[in-house]
>>> print(open('start_12.cif').read())   # mmCIF, C-alpha atoms
data_start
#
loop_
_atom_site.group_PDB
_atom_site.id
_atom_site.type_symbol
_atom_site.label_atom_id
_atom_site.label_comp_id
_atom_site.auth_asym_id
_atom_site.auth_seq_id
_atom_site.Cartn_x
_atom_site.Cartn_y
_atom_site.Cartn_z
ATOM 1 C CA MET A 11 -106.821 55.705 -10.749
ATOM 2 C CA LYS A 12 -105.154 58.902 -11.915
ATOM 3 C CA GLU A 13 -104.511 60.182 -8.407
ATOM 4 C CA ASN A 14 -103.172 56.830 -7.163
ATOM 5 C CA SER A 15 -104.536 57.574 -3.703
ATOM 6 C CA SER A 16 -102.604 55.760 -1.013
ATOM 7 C CA ILE A 17 -104.740 54.443 1.819
ATOM 8 C CA LEU A 18 -103.209 53.445 5.127
ATOM 9 C CA HIS A 19 -105.537 51.002 6.837
ATOM 10 C CA ASN A 20 -105.853 48.291 9.438
ATOM 11 C CA ARG A 21 -108.601 46.373 7.578
ATOM 12 C CA GLN A 22 -111.350 48.251 9.462
ATOM 13 C CA LYS A 23 -110.367 51.923 9.308
ATOM 14 C CA GLY A 24 -108.306 53.854 6.807
ATOM 15 C CA VAL A 25 -106.890 57.273 6.049
ATOM 16 C CA ILE A 26 -105.744 58.790 2.754
ATOM 17 C CA LEU A 27 -102.024 59.517 2.768
ATOM 18 C CA ASP A 28 -100.985 62.718 1.036
ATOM 19 C CA LYS A 29 -97.445 63.361 -0.223
ATOM 20 C CA GLN A 30 -96.263 64.603 3.185
ATOM 21 C CA SER A 31 -97.837 61.830 5.267
ATOM 22 C CA VAL A 32 -96.406 59.055 3.063
ATOM 23 C CA THR A 33 -92.959 59.837 4.470
ATOM 24 C CA LEU A 34 -94.047 59.815 8.135
ATOM 25 C CA SER A 35 -92.620 57.262 10.531
ATOM 26 C CA HIS A 36 -94.513 54.070 11.263
ATOM 27 C CA SER A 37 -95.647 55.305 14.686
ATOM 28 C CA LYS A 38 -96.850 58.650 13.268
ATOM 29 C CA LYS A 39 -98.830 56.809 10.594
ATOM 30 C CA GLU A 40 -100.454 54.612 13.250
ATOM 31 C CA GLU A 41 -101.341 57.739 15.244
ATOM 32 C CA LEU A 42 -102.804 59.362 12.130
ATOM 33 C CA LEU A 43 -104.891 56.241 11.492
ATOM 34 C CA ARG A 44 -106.183 56.201 15.090
ATOM 35 C CA GLU A 45 -107.091 59.892 15.095
ATOM 36 C CA GLN A 46 -108.435 60.414 11.586
ATOM 37 C CA GLY A 47 -109.324 56.948 10.352
ATOM 38 C CA LYS A 48 -112.685 56.387 8.654
ATOM 39 C CA PRO A 49 -114.423 53.062 7.958
ATOM 40 C CA LEU A 50 -112.421 51.525 5.108
ATOM 41 C CA GLU A 51 -115.333 50.722 2.763
ATOM 42 C CA ALA A 52 -116.742 54.250 3.101
ATOM 43 C CA LEU A 53 -113.295 55.760 2.485
ATOM 44 C CA ARG A 54 -112.775 53.709 -0.690
ATOM 45 C CA LYS A 55 -116.239 54.665 -1.969
ATOM 46 C CA GLU A 56 -115.448 58.325 -1.278
ATOM 47 C CA ILE A 57 -112.159 58.138 -3.210
ATOM 48 C CA ILE A 58 -113.726 56.301 -6.143
ATOM 49 C CA LYS A 59 -116.546 58.842 -6.429
ATOM 50 C CA LYS A 60 -114.158 61.782 -6.095
ATOM 51 C CA GLU A 61 -111.754 60.482 -8.705
ATOM 52 C CA LEU A 62 -114.457 59.415 -11.149
ATOM 53 C CA SER A 63 -116.566 62.576 -10.875
ATOM 54 C CA PRO A 64 -114.764 64.326 -13.788
ATOM 55 C CA ASN A 65 -115.888 61.393 -15.989
ATOM 56 C CA VAL A 66 -119.574 62.110 -15.394
ATOM 57 C CA GLU A 67 -121.307 63.054 -18.602
ATOM 58 C CA THR A 68 -123.237 66.275 -17.939
ATOM 59 C CA ARG A 69 -124.768 67.104 -21.286
ATOM 60 C CA SER A 70 -127.710 69.427 -21.673
ATOM 61 C CA TYR A 71 -129.774 66.989 -23.740
ATOM 62 C CA LEU A 72 -129.323 64.260 -21.109
ATOM 63 C CA PHE A 73 -130.397 66.628 -18.342
ATOM 64 C CA GLU A 74 -133.399 67.793 -20.389
ATOM 65 C CA ARG A 75 -134.436 64.193 -20.998
ATOM 66 C CA PHE A 76 -134.041 63.490 -17.275
ATOM 67 C CA LEU A 77 -136.337 66.412 -16.440
ATOM 68 C CA GLN A 78 -138.921 65.207 -18.986
ATOM 69 C CA GLN A 79 -138.836 61.642 -17.664
ATOM 70 C CA ASN A 80 -139.166 62.817 -14.058
ATOM 71 C CA GLY A 81 -142.271 64.911 -14.590
ATOM 72 C CA LYS A 82 -140.613 68.327 -14.710
ATOM 73 C CA PRO A 83 -141.045 69.395 -18.366
ATOM 74 C CA GLU A 84 -141.691 73.000 -17.287
ATOM 75 C CA LEU A 85 -138.019 73.253 -16.224
ATOM 76 C CA VAL A 86 -136.565 72.211 -19.585
ATOM 77 C CA GLU A 87 -136.571 75.710 -21.135
ATOM 78 C CA GLU A 88 -134.895 77.198 -18.074
ATOM 79 C CA ALA A 89 -132.358 74.368 -17.994
ATOM 80 C CA ARG A 90 -131.272 75.273 -21.534
ATOM 81 C CA THR A 91 -129.971 78.632 -20.307
ATOM 82 C CA VAL A 92 -127.250 77.015 -18.163
ATOM 83 C CA LYS A 93 -124.203 75.337 -19.711
ATOM 84 C CA ILE A 94 -124.141 72.289 -17.456
ATOM 85 C CA GLU A 95 -121.360 70.758 -19.566
ATOM 86 C CA GLU A 96 -119.038 73.048 -17.608
ATOM 87 C CA TYR A 97 -119.936 71.394 -14.287
ATOM 88 C CA ALA A 98 -116.704 69.361 -14.172
ATOM 89 C CA THR A 99 -114.547 72.497 -14.435
ATOM 90 C CA LYS A 100 -116.813 75.086 -12.752
ATOM 91 C CA PRO A 101 -119.169 73.253 -10.381
ATOM 92 C CA ASN A 102 -119.808 76.242 -8.090
ATOM 93 C CA GLN A 103 -120.649 78.563 -10.968
ATOM 94 C CA VAL A 104 -123.043 76.064 -12.585
ATOM 95 C CA MET A 105 -124.783 75.360 -9.270
ATOM 96 C CA SER A 106 -125.093 79.104 -8.601
ATOM 97 C CA GLU A 107 -126.735 79.629 -12.002
ATOM 98 C CA LEU A 108 -129.097 76.699 -11.470
ATOM 99 C CA SER A 109 -129.997 77.887 -7.973
ATOM 100 C CA PHE A 110 -130.602 81.418 -9.229
ATOM 101 C CA ILE A 111 -133.167 80.065 -11.713
ATOM 102 C CA GLY A 112 -134.831 77.985 -9.018
ATOM 103 C CA ALA A 113 -134.287 75.534 -6.206
ATOM 104 C CA SER A 114 -136.216 72.776 -7.976
ATOM 105 C CA LEU A 115 -133.937 73.045 -11.025
ATOM 106 C CA ALA A 116 -130.832 72.843 -8.815
ATOM 107 C CA GLU A 117 -132.304 69.848 -6.963
ATOM 108 C CA GLY A 118 -133.168 68.236 -10.296
ATOM 109 C CA PHE A 119 -129.603 68.677 -11.463
ATOM 110 C CA LEU A 120 -128.203 67.165 -8.272
ATOM 111 C CA ASP A 121 -130.496 64.149 -8.730
ATOM 112 C CA PHE A 122 -129.403 63.873 -12.374
ATOM 113 C CA TYR A 123 -125.720 64.213 -11.448
ATOM 114 C CA GLY A 124 -126.063 61.580 -8.707
ATOM 115 C CA ILE A 125 -127.554 59.094 -11.147
ATOM 116 C CA GLN A 126 -124.858 59.822 -13.748
ATOM 117 C CA LEU A 127 -122.120 59.408 -11.123
ATOM 118 C CA SER A 128 -123.656 56.100 -9.995
ATOM 119 C CA HIS A 129 -123.433 54.808 -13.581
ATOM 120 C CA VAL A 130 -119.773 55.821 -13.841
ATOM 121 C CA VAL A 131 -118.965 54.143 -10.501
ATOM 122 C CA GLU A 132 -120.898 51.003 -11.524
ATOM 123 C CA ASN A 133 -118.892 50.747 -14.741
ATOM 124 C CA TYR A 134 -115.655 51.239 -12.796
ATOM 125 C CA GLU A 135 -116.594 48.528 -10.307
ATOM 126 C CA LYS A 136 -117.353 46.033 -13.097
ATOM 127 C CA ARG A 137 -113.754 46.210 -14.311
ATOM 128 C CA LEU A 138 -110.580 44.661 -12.951
ATOM 129 C CA HIS A 139 -107.728 46.966 -11.942
ATOM 130 C CA SER A 140 -104.046 46.839 -11.101
ATOM 131 C CA ILE A 141 -103.727 47.558 -7.384
ATOM 132 C CA GLU A 142 -100.644 48.187 -5.257
ATOM 133 C CA LEU A 143 -100.777 47.076 -1.631
ATOM 134 C CA GLU A 144 -98.104 47.802 0.941
ATOM 135 C CA SER A 145 -98.037 46.371 4.435
ATOM 136 C CA VAL A 146 -98.312 48.837 7.313
ATOM 137 C CA ASP A 147 -94.813 48.012 8.499
ATOM 138 C CA GLN A 148 -93.540 48.730 4.952
ATOM 139 C CA LYS A 149 -91.466 45.593 4.801
ATOM 140 C CA GLU A 150 -93.474 44.123 1.936
ATOM 141 C CA SER A 151 -95.382 45.491 -0.987
ATOM 142 C CA GLY A 152 -96.852 43.949 -4.056
ATOM 143 C CA PHE A 153 -99.166 44.420 -6.975
ATOM 144 C CA TYR A 154 -102.394 42.562 -7.489
ATOM 145 C CA ILE A 155 -105.333 42.418 -9.831
ATOM 146 C CA GLY A 156 -108.606 43.128 -8.128
ATOM 147 C CA LYS A 157 -111.893 44.936 -8.221
ATOM 148 C CA PHE A 158 -113.969 47.085 -5.917
ATOM 149 C CA THR A 159 -117.595 46.514 -5.031
ATOM 150 C CA GLU A 160 -119.286 48.993 -2.701
ATOM 151 C CA GLY A 161 -115.891 49.924 -1.275
ATOM 152 C CA ASN A 162 -114.832 46.333 -0.678
ATOM 153 C CA LEU A 163 -111.649 45.161 -2.395
ATOM 154 C CA ALA A 164 -111.577 41.676 -3.892
ATOM 155 C CA ILE A 165 -108.120 40.442 -4.912
ATOM 156 C CA VAL A 166 -108.265 37.956 -7.792
ATOM 157 C CA SER A 167 -104.583 37.317 -8.473
ATOM 158 C CA PRO A 168 -101.546 36.139 -6.580
ATOM 159 C CA ARG A 169 -98.950 38.753 -5.552
ATOM 160 C CA LEU A 170 -97.102 40.187 -8.548
ATOM 161 C CA ASP A 171 -93.705 41.880 -8.397
ATOM 162 C CA SER A 172 -94.335 45.019 -10.452
ATOM 163 C CA GLU A 173 -97.053 47.240 -11.842
ATOM 164 C CA GLU A 174 -95.917 46.294 -15.349
ATOM 165 C CA GLN A 175 -96.383 42.601 -14.556
ATOM 166 C CA ALA A 176 -99.856 43.295 -13.146
ATOM 167 C CA GLN A 177 -100.786 45.310 -16.252
ATOM 168 C CA GLU A 178 -99.501 42.537 -18.544
ATOM 169 C CA LYS A 179 -101.498 39.867 -16.677
ATOM 170 C CA LEU A 180 -104.587 42.061 -16.710
ATOM 171 C CA SER A 181 -104.237 42.763 -20.461
ATOM 172 C CA ALA A 182 -103.718 39.066 -21.187
ATOM 173 C CA PHE A 183 -106.806 38.148 -19.164
ATOM 174 C CA LEU A 184 -108.955 40.794 -20.871
ATOM 175 C CA THR A 185 -107.756 39.671 -24.327
ATOM 176 C CA MET A 186 -108.558 36.046 -23.475
ATOM 177 C CA LYS A 187 -112.008 37.070 -22.190
ATOM 178 C CA GLN A 188 -112.694 39.070 -25.350
ATOM 179 C CA ASN A 189 -111.646 36.128 -27.542
ATOM 180 C CA ARG A 190 -113.930 33.796 -25.597
ATOM 181 C CA GLN A 191 -116.832 36.189 -26.082
ATOM 182 C CA LYS A 192 -116.139 36.290 -29.836
ATOM 183 C CA ASP A 193 -115.975 32.469 -29.942
ATOM 184 C CA TYR A 194 -119.223 32.226 -27.986
ATOM 185 C CA SER A 195 -120.950 34.729 -30.287
ATOM 186 C CA GLN A 196 -119.741 32.817 -33.352
ATOM 187 C CA LEU A 197 -120.921 29.526 -31.858
ATOM 188 C CA GLU A 198 -124.312 31.056 -31.033
ATOM 189 C CA LEU A 199 -124.630 32.415 -34.597
ATOM 190 C CA GLU A 200 -123.770 29.014 -36.062
ATOM 191 C CA GLN A 201 -126.309 27.375 -33.748
ATOM 192 C CA ASN A 202 -129.017 29.817 -34.846
ATOM 193 C CA LEU A 203 -128.233 29.142 -38.524
ATOM 194 C CA THR A 204 -128.363 25.370 -37.899
ATOM 195 C CA ASP A 205 -131.707 25.701 -36.090
ATOM 196 C CA LYS A 206 -133.203 27.589 -39.064
ATOM 197 C CA ASP A 207 -132.249 24.799 -41.496
#
>>> encode(input="start_12.cif", output="structure tokens")
Amino acid sequence: MKENSSILHNRQKGVILDKQSVTLSHSKKEELLREQGKPLEALRKEIIKKELSPNVETRSYLFERFLQQNGKPELVEEARTVKIEEYATKPNQVMSELSFIGASLAEGFLDFYGIQLSHVVENYEKRLHSIELESVDQKESGFYIGKFTEGNLAIVSPRLDSEEQAQEKLSAFLTMKQNRQKDYSQLELEQNLTDKD
């Protein structure tokens, strides 16, 4: 992810390390984990949502369609007066404008945004990623290929020595997968043509 959030954890609880806390001593990090640690799965979900939120597509026509489909067509005209596309850069201003028009419009937008964010997170969780893990005692670190599901991390590769190596392995796997899908599609097309004969 763009922020490359570092999480210090003990497999149950975790805490996000900022630039200052990364350099803390081992004992200070353990103390920080004890005092401020959150359940690990919830923390990962929070980070994923936070980092993916700028990728949410907030387009007026999508919001209008959402209002129509959810039985609120009377709000569509009012919704057109607010530039919701600016939500990623000016969330407070957009929410203020929506709230000024009416609470139901603001609630509708929050429902819409939640659904859009869920789609972005779902797409993120379907993909494999290069992940760096470092042991708490900082004597060993490594890169892995893995994926997240509901905040749970599943490692699918052996330990790799560098981020470049992890990216190369991931690219090679994705290329192989894409080629297999092409082969399967071609085979299916040939089968359909044979069945028609």
>>> residues_around(input="start_12.cif", residues="Glu67 of chain A", least_positions_apart="5", cutoff="10 Å", atoms="all atoms listed in the file", output="PyMOL selection string")
chain A and resi 72-73+94-95+97-98+123+126-127+129-130
>>> write_last_selection(input="start_12.cif", atoms="C-alpha atoms", output="mmCIF file, in the coordinates of the input")
data_model
loop_
_atom_site.group_PDB
_atom_site.id
_atom_site.type_symbol
_atom_site.label_atom_id
_atom_site.label_comp_id
_atom_site.auth_asym_id
_atom_site.auth_seq_id
_atom_site.Cartn_x
_atom_site.Cartn_y
_atom_site.Cartn_z
ATOM 1 C CA LEU A 72 -129.323 64.260 -21.109
ATOM 2 C CA PHE A 73 -130.397 66.628 -18.342
ATOM 3 C CA ILE A 94 -124.141 72.289 -17.456
ATOM 4 C CA GLU A 95 -121.360 70.758 -19.566
ATOM 5 C CA TYR A 97 -119.936 71.394 -14.287
ATOM 6 C CA ALA A 98 -116.704 69.361 -14.172
ATOM 7 C CA TYR A 123 -125.720 64.213 -11.448
ATOM 8 C CA GLN A 126 -124.858 59.822 -13.748
ATOM 9 C CA LEU A 127 -122.120 59.408 -11.123
ATOM 10 C CA HIS A 129 -123.433 54.808 -13.581
ATOM 11 C CA VAL A 130 -119.773 55.821 -13.841
#
>>> closest_residue(input="start_12.cif", among="A:Pro64, A:Ser114, A:Leu27, A:Met186", to="Lys100 of chain A", atoms="all atoms listed in the file")
A:Pro64
>>> residues_around(input="start_12.cif", residues="Glu40 of chain A", least_positions_apart="2", cutoff="12 Å", atoms="only C-alpha atoms", output="PyMOL selection string")
chain A and resi 18-20+23-25+27+31-32+34-38+42-47+146-147
>>> residues_around(input="start_12.cif", residues="Asn162 of chain A", least_positions_apart="6", cutoff="10 Å", atoms="all atoms listed in the file", output="PyMOL selection string")
chain A and resi 50-52+54-55
>>> residues_around(input="start_12.cif", residues="segment 167-176 of chain A", least_positions_apart="5", cutoff="7 Å", atoms="only C-alpha atoms", output="ChimeraX atom specification")
/A:140,152-155
>>> closest_residue(input="start_12.cif", among="A:Glu178, A:Arg137, A:Ser151, A:Phe183", to="Ala164 of chain A", atoms="only C-alpha atoms")
A:Arg137
>>> closest_residue(input="start_12.cif", among="A:Tyr194, A:Phe158, A:Phe119, A:Phe110", to="Tyr134 of chain A", atoms="only C-alpha atoms")
A:Phe158
>>> resolve_selection(input="start_12.cif", expression="the PyMOL selection byres ((chain A and resi 91) around 10)", output="compact mmCIF listing (two decimals) with C-alpha atoms, keeping the file's coordinate frame")
# COMPACT_ATOMS: atom_id res chain seq x y z
CA SER A 70 -127.71 69.43 -21.67
CA VAL A 86 -136.56 72.21 -19.58
CA GLU A 87 -136.57 75.71 -21.14
CA GLU A 88 -134.90 77.20 -18.07
CA ALA A 89 -132.36 74.37 -17.99
CA ARG A 90 -131.27 75.27 -21.53
CA VAL A 92 -127.25 77.02 -18.16
CA LYS A 93 -124.20 75.34 -19.71
CA ILE A 94 -124.14 72.29 -17.46
CA GLU A 107 -126.74 79.63 -12.00
CA LEU A 108 -129.10 76.70 -11.47
CA ILE A 111 -133.17 80.06 -11.71
>>> resolve_selection(input="start_12.cif", expression="the PyMOL selection byres ((chain A and resi 135) around 10)", output="list in words")
Ile58, His129, Val130, Val131, Glu132, Asn133, Tyr134, Lys136, Arg137, Leu138, His139, Gly156, Lys157, Phe158, Thr159, Glu160, Gly161 and Leu163 of chain A
